[in-house]
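Asker: Below is the file final_39.csv, which contains CSV, C-alpha atoms (C1' of nucleotides).
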```
chain,number,residue,atom,x,y,z
L,143,MET,CA,74.6,85.2,98.4
L,144,LYS,CA,78.2,86.2,97.9
L,145,LYS,CA,79.1,89.8,97.4
L,146,VAL,CA,82.7,91.2,97.3
L,147,LEU,CA,83.1,94.2,99.6
L,148,ASN,CA,84.2,97.1,97.5
L,149,GLN,CA,85.9,100.4,98.1
L,150,ALA,CA,82.6,102.1,99.1
L,151,PHE,CA,82.2,99.7,102.0
L,152,PHE,CA,85.6,100.8,103.4
L,153,ASP,CA,85.2,104.5,102.6
L,154,ARG,CA,83.5,105.2,105.9
L,155,PRO,CA,84.7,105.8,109.5
L,156,ALA,CA,86.9,103.0,110.8
L,157,GLU,CA,84.6,102.4,113.8
L,158,ILE,CA,81.6,101.7,111.4
L,159,VAL,CA,83.7,99.5,109.1
L,160,ALA,CA,85.1,97.6,112.0
L,161,LYS,CA,81.7,96.7,113.4
L,162,GLU,CA,80.3,95.8,110.0
L,163,LEU,CA,83.2,93.5,109.2
L,164,LEU,CA,82.0,91.2,111.9
L,165,GLY,CA,80.2,88.3,110.2
L,166,LYS,CA,81.8,89.1,106.8
L,167,PHE,CA,84.4,86.7,105.3
L,168,ILE,CA,88.0,87.1,104.5
L,169,ILE,CA,89.1,85.0,101.5
L,170,SER,CA,92.6,84.2,100.4
L,171,ASN,CA,93.5,82.3,97.3
L,172,ALA,CA,97.2,83.0,97.5
L,173,GLY,CA,97.9,79.4,98.3
L,174,LYS,CA,96.8,76.6,96.0
L,175,ASP,CA,93.5,76.2,97.8
L,176,GLU,CA,91.1,79.0,98.5
L,177,VAL,CA,90.6,79.7,102.2
L,178,SER,CA,87.6,81.6,103.7
L,179,LEU,CA,87.0,82.5,107.3
L,180,MET,CA,84.3,84.5,109.0
L,181,ILE,CA,85.7,87.5,110.8
L,182,ASN,CA,84.9,87.6,114.5
L,183,GLU,CA,87.4,90.1,116.0
L,184,VAL,CA,88.5,93.5,114.8
L,185,GLU,CA,89.8,96.8,116.2
L,186,ALA,CA,89.3,100.4,114.8
L,187,TYR,CA,92.1,102.9,114.5
L,188,THR,CA,90.1,106.0,113.9
L,189,GLY,CA,92.4,108.7,112.6
L,190,PRO,CA,95.2,111.2,113.2
L,191,ASP,CA,93.8,112.2,116.7
L,192,ASP,CA,93.8,108.5,117.8
L,193,LEU,CA,97.0,108.2,119.8
L,194,ALA,CA,96.9,104.5,119.4
L,195,CYS,CA,96.9,104.9,115.6
L,196,HIS,CA,100.3,104.7,114.0
L,197,ALA,CA,99.4,107.6,111.8
L,198,SER,CA,98.9,109.9,114.8
L,199,LYS,CA,102.7,110.4,114.6
L,200,GLY,CA,102.5,111.7,111.1
L,201,LYS,CA,103.1,110.3,107.6
L,202,THR,CA,106.1,108.0,107.5
L,203,GLY,CA,107.3,105.3,105.2
L,204,ARG,CA,105.5,102.7,107.2
L,205,THR,CA,102.2,104.6,107.6
L,206,GLN,CA,101.8,106.2,104.2
L,207,VAL,CA,99.3,103.6,102.9
L,208,MET,CA,97.0,104.6,105.7
L,209,PHE,CA,96.9,108.1,104.2
L,210,GLY,CA,95.8,106.7,100.8
L,211,PRO,CA,92.3,105.7,99.7
L,212,ALA,CA,90.1,103.1,101.5
L,213,GLY,CA,90.1,99.4,100.7
L,214,PHE,CA,93.9,99.0,100.6
L,215,PHE,CA,95.8,96.7,102.9
L,216,TYR,CA,98.1,98.1,105.6
L,217,VAL,CA,100.4,95.3,106.6
L,218,TYR,CA,103.3,95.9,109.0
L,219,PHE,CA,105.8,93.9,111.0
L,220,VAL,CA,106.1,94.2,114.8
L,221,TYR,CA,108.0,92.7,117.7
L,222,GLY,CA,110.5,91.3,115.2
L,223,ILE,CA,108.2,88.3,114.5
L,224,HIS,CA,104.6,89.2,113.7
L,225,TRP,CA,102.7,90.6,110.7
L,226,MET,CA,99.6,92.6,111.3
L,227,LEU,CA,96.8,92.9,108.7
L,228,ASN,CA,94.7,96.1,108.5
L,229,VAL,CA,92.4,97.6,105.9
L,230,VAL,CA,92.5,101.3,105.3
L,231,THR,CA,89.2,103.1,105.8
L,232,GLY,CA,87.9,106.6,105.1
L,233,LYS,CA,88.8,109.3,102.6
L,234,LYS,CA,92.2,109.6,100.9
L,235,GLY,CA,94.3,111.9,103.1
L,236,PHE,CA,92.6,110.8,106.3
L,237,PRO,CA,94.6,108.0,107.9
L,238,ALA,CA,92.5,105.3,109.6
L,239,ALA,CA,92.3,101.6,109.4
L,240,VAL,CA,90.8,98.4,110.9
L,241,LEU,CA,93.0,95.6,112.3
L,242,ILE,CA,91.7,92.1,111.6
L,243,ARG,CA,92.4,90.2,114.8
L,244,GLY,CA,90.4,87.0,114.4
L,245,ALA,CA,88.5,84.9,111.9
L,246,GLY,CA,87.1,81.4,111.9
L,247,ASP,CA,89.0,79.3,114.5
L,248,ILE,CA,92.0,81.6,114.3
L,249,HIS,CA,92.2,83.9,117.3
L,250,GLY,CA,95.0,86.5,117.3
L,251,PRO,CA,96.2,88.9,114.6
L,252,ALA,CA,99.6,87.3,114.1
L,253,ARG,CA,98.1,83.8,114.0
L,254,LEU,CA,95.8,85.0,111.3
L,255,THR,CA,98.5,86.4,109.0
L,256,ASN,CA,100.5,83.3,109.7
L,257,PHE,CA,97.6,81.1,108.7
L,258,LEU,CA,96.8,83.1,105.6
L,259,LYS,CA,100.5,83.5,104.6
L,260,ILE,CA,100.2,87.2,104.6
L,261,GLY,CA,103.4,89.3,104.6
L,262,LYS,CA,104.7,92.6,103.3
L,263,GLU,CA,103.8,91.7,99.7
L,264,PHE,CA,100.2,92.6,100.6
L,265,ASN,CA,101.1,96.1,102.0
L,266,GLY,CA,99.6,98.7,99.7
L,267,LYS,CA,97.5,96.3,97.6
L,268,SER,CA,93.8,96.7,97.3
L,269,ALA,CA,91.3,94.2,98.7
L,270,GLU,CA,90.0,92.4,95.6
L,271,PRO,CA,90.0,88.9,94.2
L,272,ALA,CA,92.6,89.8,91.5
L,273,ASN,CA,95.1,90.4,94.3
L,274,GLY,CA,94.4,87.1,96.1
L,275,LEU,CA,93.0,88.5,99.3
L,276,TRP,CA,89.5,90.1,99.7
L,277,PHE,CA,86.3,90.3,101.7
L,278,GLU,CA,82.8,89.0,101.0
L,279,ASN,CA,79.4,89.5,102.5
L,280,ARG,CA,77.8,86.0,102.5
L,281,GLY,CA,74.6,87.1,104.0
L,282,VAL,CA,75.3,86.5,107.7
L,283,ILE,CA,73.2,88.9,109.8
L,284,ILE,CA,74.8,90.2,113.0
L,285,LYS,CA,72.5,91.8,115.5
L,286,PRO,CA,73.8,94.6,117.8
L,287,GLY,CA,73.4,92.3,120.8
L,288,GLN,CA,75.9,89.9,119.4
L,289,ILE,CA,78.7,92.5,119.3
L,290,LYS,CA,80.9,92.8,122.4
L,291,LYS,CA,83.0,96.0,122.7
L,292,THR,CA,86.2,96.2,124.8
L,293,PRO,CA,89.3,98.5,124.8
L,294,ARG,CA,91.9,97.6,122.2
L,295,ILE,CA,94.7,95.2,123.1
L,296,GLY,CA,98.3,96.4,123.6
L,297,VAL,CA,97.8,100.1,123.3
L,298,ASP,CA,98.4,101.2,126.9
L,299,TYR,CA,101.0,103.6,125.7
L,300,ALA,CA,98.3,105.7,124.0
L,301,GLY,CA,97.2,107.5,127.2
L,302,ARG,CA,94.1,106.9,129.3
L,303,VAL,CA,91.5,108.3,126.9
L,304,TRP,CA,92.5,106.6,123.7
L,305,ALA,CA,93.7,103.4,125.4
L,306,GLN,CA,90.4,102.9,127.1
L,307,LYS,CA,88.0,103.7,124.2
L,308,PRO,CA,85.9,100.6,123.3
L,309,LEU,CA,87.2,100.2,119.8
L,310,ARG,CA,87.7,96.5,119.8
L,311,PHE,CA,84.7,94.5,118.5
L,312,LEU,CA,84.1,90.8,118.8
L,313,LEU,CA,81.3,88.4,118.1
L,314,ARG,CA,79.9,86.6,121.2
L,315,ASN,CA,79.7,82.8,121.3
L,316,ILE,CA,82.5,82.1,118.9
D,972,DG,C1',105.6,86.2,134.1
D,973,DC,C1',108.5,87.4,130.3
D,974,DA,C1',112.0,86.5,126.3
D,975,DG,C1',112.5,86.6,121.6
D,976,DT,C1',113.1,89.3,117.3
D,977,DG,C1',114.0,92.9,113.7
D,978,DA,C1',111.8,97.0,111.1
D,979,DT,C1',111.2,101.6,111.9
D,980,DC,C1',112.0,106.1,113.5
D,981,DA,C1',114.3,109.9,116.1
D,982,DT,C1',118.5,111.6,117.4
D,983,DA,C1',123.3,112.7,116.2
A,1314,DA,C1',125.5,104.8,113.6
A,1315,DT,C1',123.0,103.8,117.7
A,1316,DG,C1',119.1,103.1,120.8
A,1317,DA,C1',114.1,102.8,122.1
A,1318,DT,C1',110.0,101.1,120.9
A,1319,DC,C1',106.6,97.9,119.4
A,1320,DA,C1',98.4,97.2,117.4
A,1321,DC,C1',102.2,89.7,119.8
A,1322,DT,C1',102.8,84.8,120.9
A,1323,DG,C1',104.3,80.8,123.2
A,1324,DC,C1',106.6,78.9,126.8
A,1325,DC,C1',108.0,79.2,131.8
```
Rewrite the coordinates I just gave you, this time as structure tokens.

Answerer:
Amino acid sequence: MKKVLNQAFFDRPAEIVAKELLGKFIISNAGKDEVSLMINEVEAYTGPDDLACHASKGKTGRTQVMFGPAGFFYVYFVYGIHWMLNVVTGKKGFPAAVLIRGAGDIHGPARLTNFLKIGKEFNGKSAEPANGLWFENRGVIIKPGQIKKTPRIGVDYAGRVWAQKPLRFLLRNI
DNA sequence: GCAGTGATCATA
DNA sequence: ATGATCACTGCC
């Protein structure tokens, strides 16, 4: 069973999309060989009230894609070195996204983009095979007990409440 | 523990 | 134009 995740999958709250992305596959055919990895670590950035979400500071050049429709990639550069891969979730006009932090044997959001050769050219593109980067449901069933929740990484600046919310989701036993 | 690295944004 | 900040990684 292989089913490409469509816009309807992503057009839901970031927290739901994040949890459901665990066990799904990210596929890239940008290189000469197709690469597919099972997603095992994600974080949800839930909207304009989420002080850890870039869009909480308003719509800017960098964050505008988050204000667009669901199912588009939000890719940005941070610390002068690293690219971060996110997928926009929820309705157009409501800025929220899910950060893909780990898949397969690749643990760490910048390692993943490095491995998949993802850079700014994917920012603002939609997740579909025609664009060379997309997601599939391959029938892996994840039970609630397999999902571990923790606070998100590197968001201490967001204040106690938002920094501590359990919006990072990982698969156990990876 | 912390340096490296440069886009981005606010301030001017 | 300048300065602060940063959803990280790898090496000490």

Asker: Within 9 Å of chain L, which residues belong to chain A? Use all atoms listed in the file and report them as a PyMOL selection string.

Answerer: chain A and resi 1319-1322

Asker: Which protein, DNA or RNA residues are at most 9 Å from (103.7, 84.6, 135.1) in the file's coordinates when you count all atoms listed in the file, listed as a list in words?

Answerer: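 Neighbouring residues, ordered by chain and number, come to DG972 and DC973 of chain D; DC1325 of chain A.
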
Asker: What does the distance between CA of Val303 (chain L) and C1' of DA974 (chain D) come to in Å, to one decimal place?

Answerer: 29.9 Å

Asker: Tell me as a count of residues only which residues belonging to chain D come within 9 Å of chain L, counting all atoms listed in the file.

Answerer: 6

Asker: Of the candidates L:Lys233, L:Lys259, L:Lys166, L:Lys174, which shows the shortest atom-to-atom distance to Arg154 (chain L), using all atoms listed in the file?

Answerer: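 Residue with the minimum atom-to-atom distance to Arg154 (chain L): L:Lys233.
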
Asker: With a distance cut-off of 12 Å and only C-alpha atoms (C1' of nucleotides), select the neighbouring residues of Ala212 (chain L), excluding the residue or stretch itself and same-chain residues fewer than 4 positions from it, and output the selection as a ChimeraX atom specification.

Answerer: /L:147-156,159,207-208,216,228-240,266-269

Asker: Taking all atoms listed in the file into account, name the residue in L:Leu193, L:Leu258, L:Ile284, L:Ala245 that is nearest to Phe167 (chain L).

Answerer: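 Ranked by minimum distance to Phe167 (chain L), first place goes to L:Ala245.
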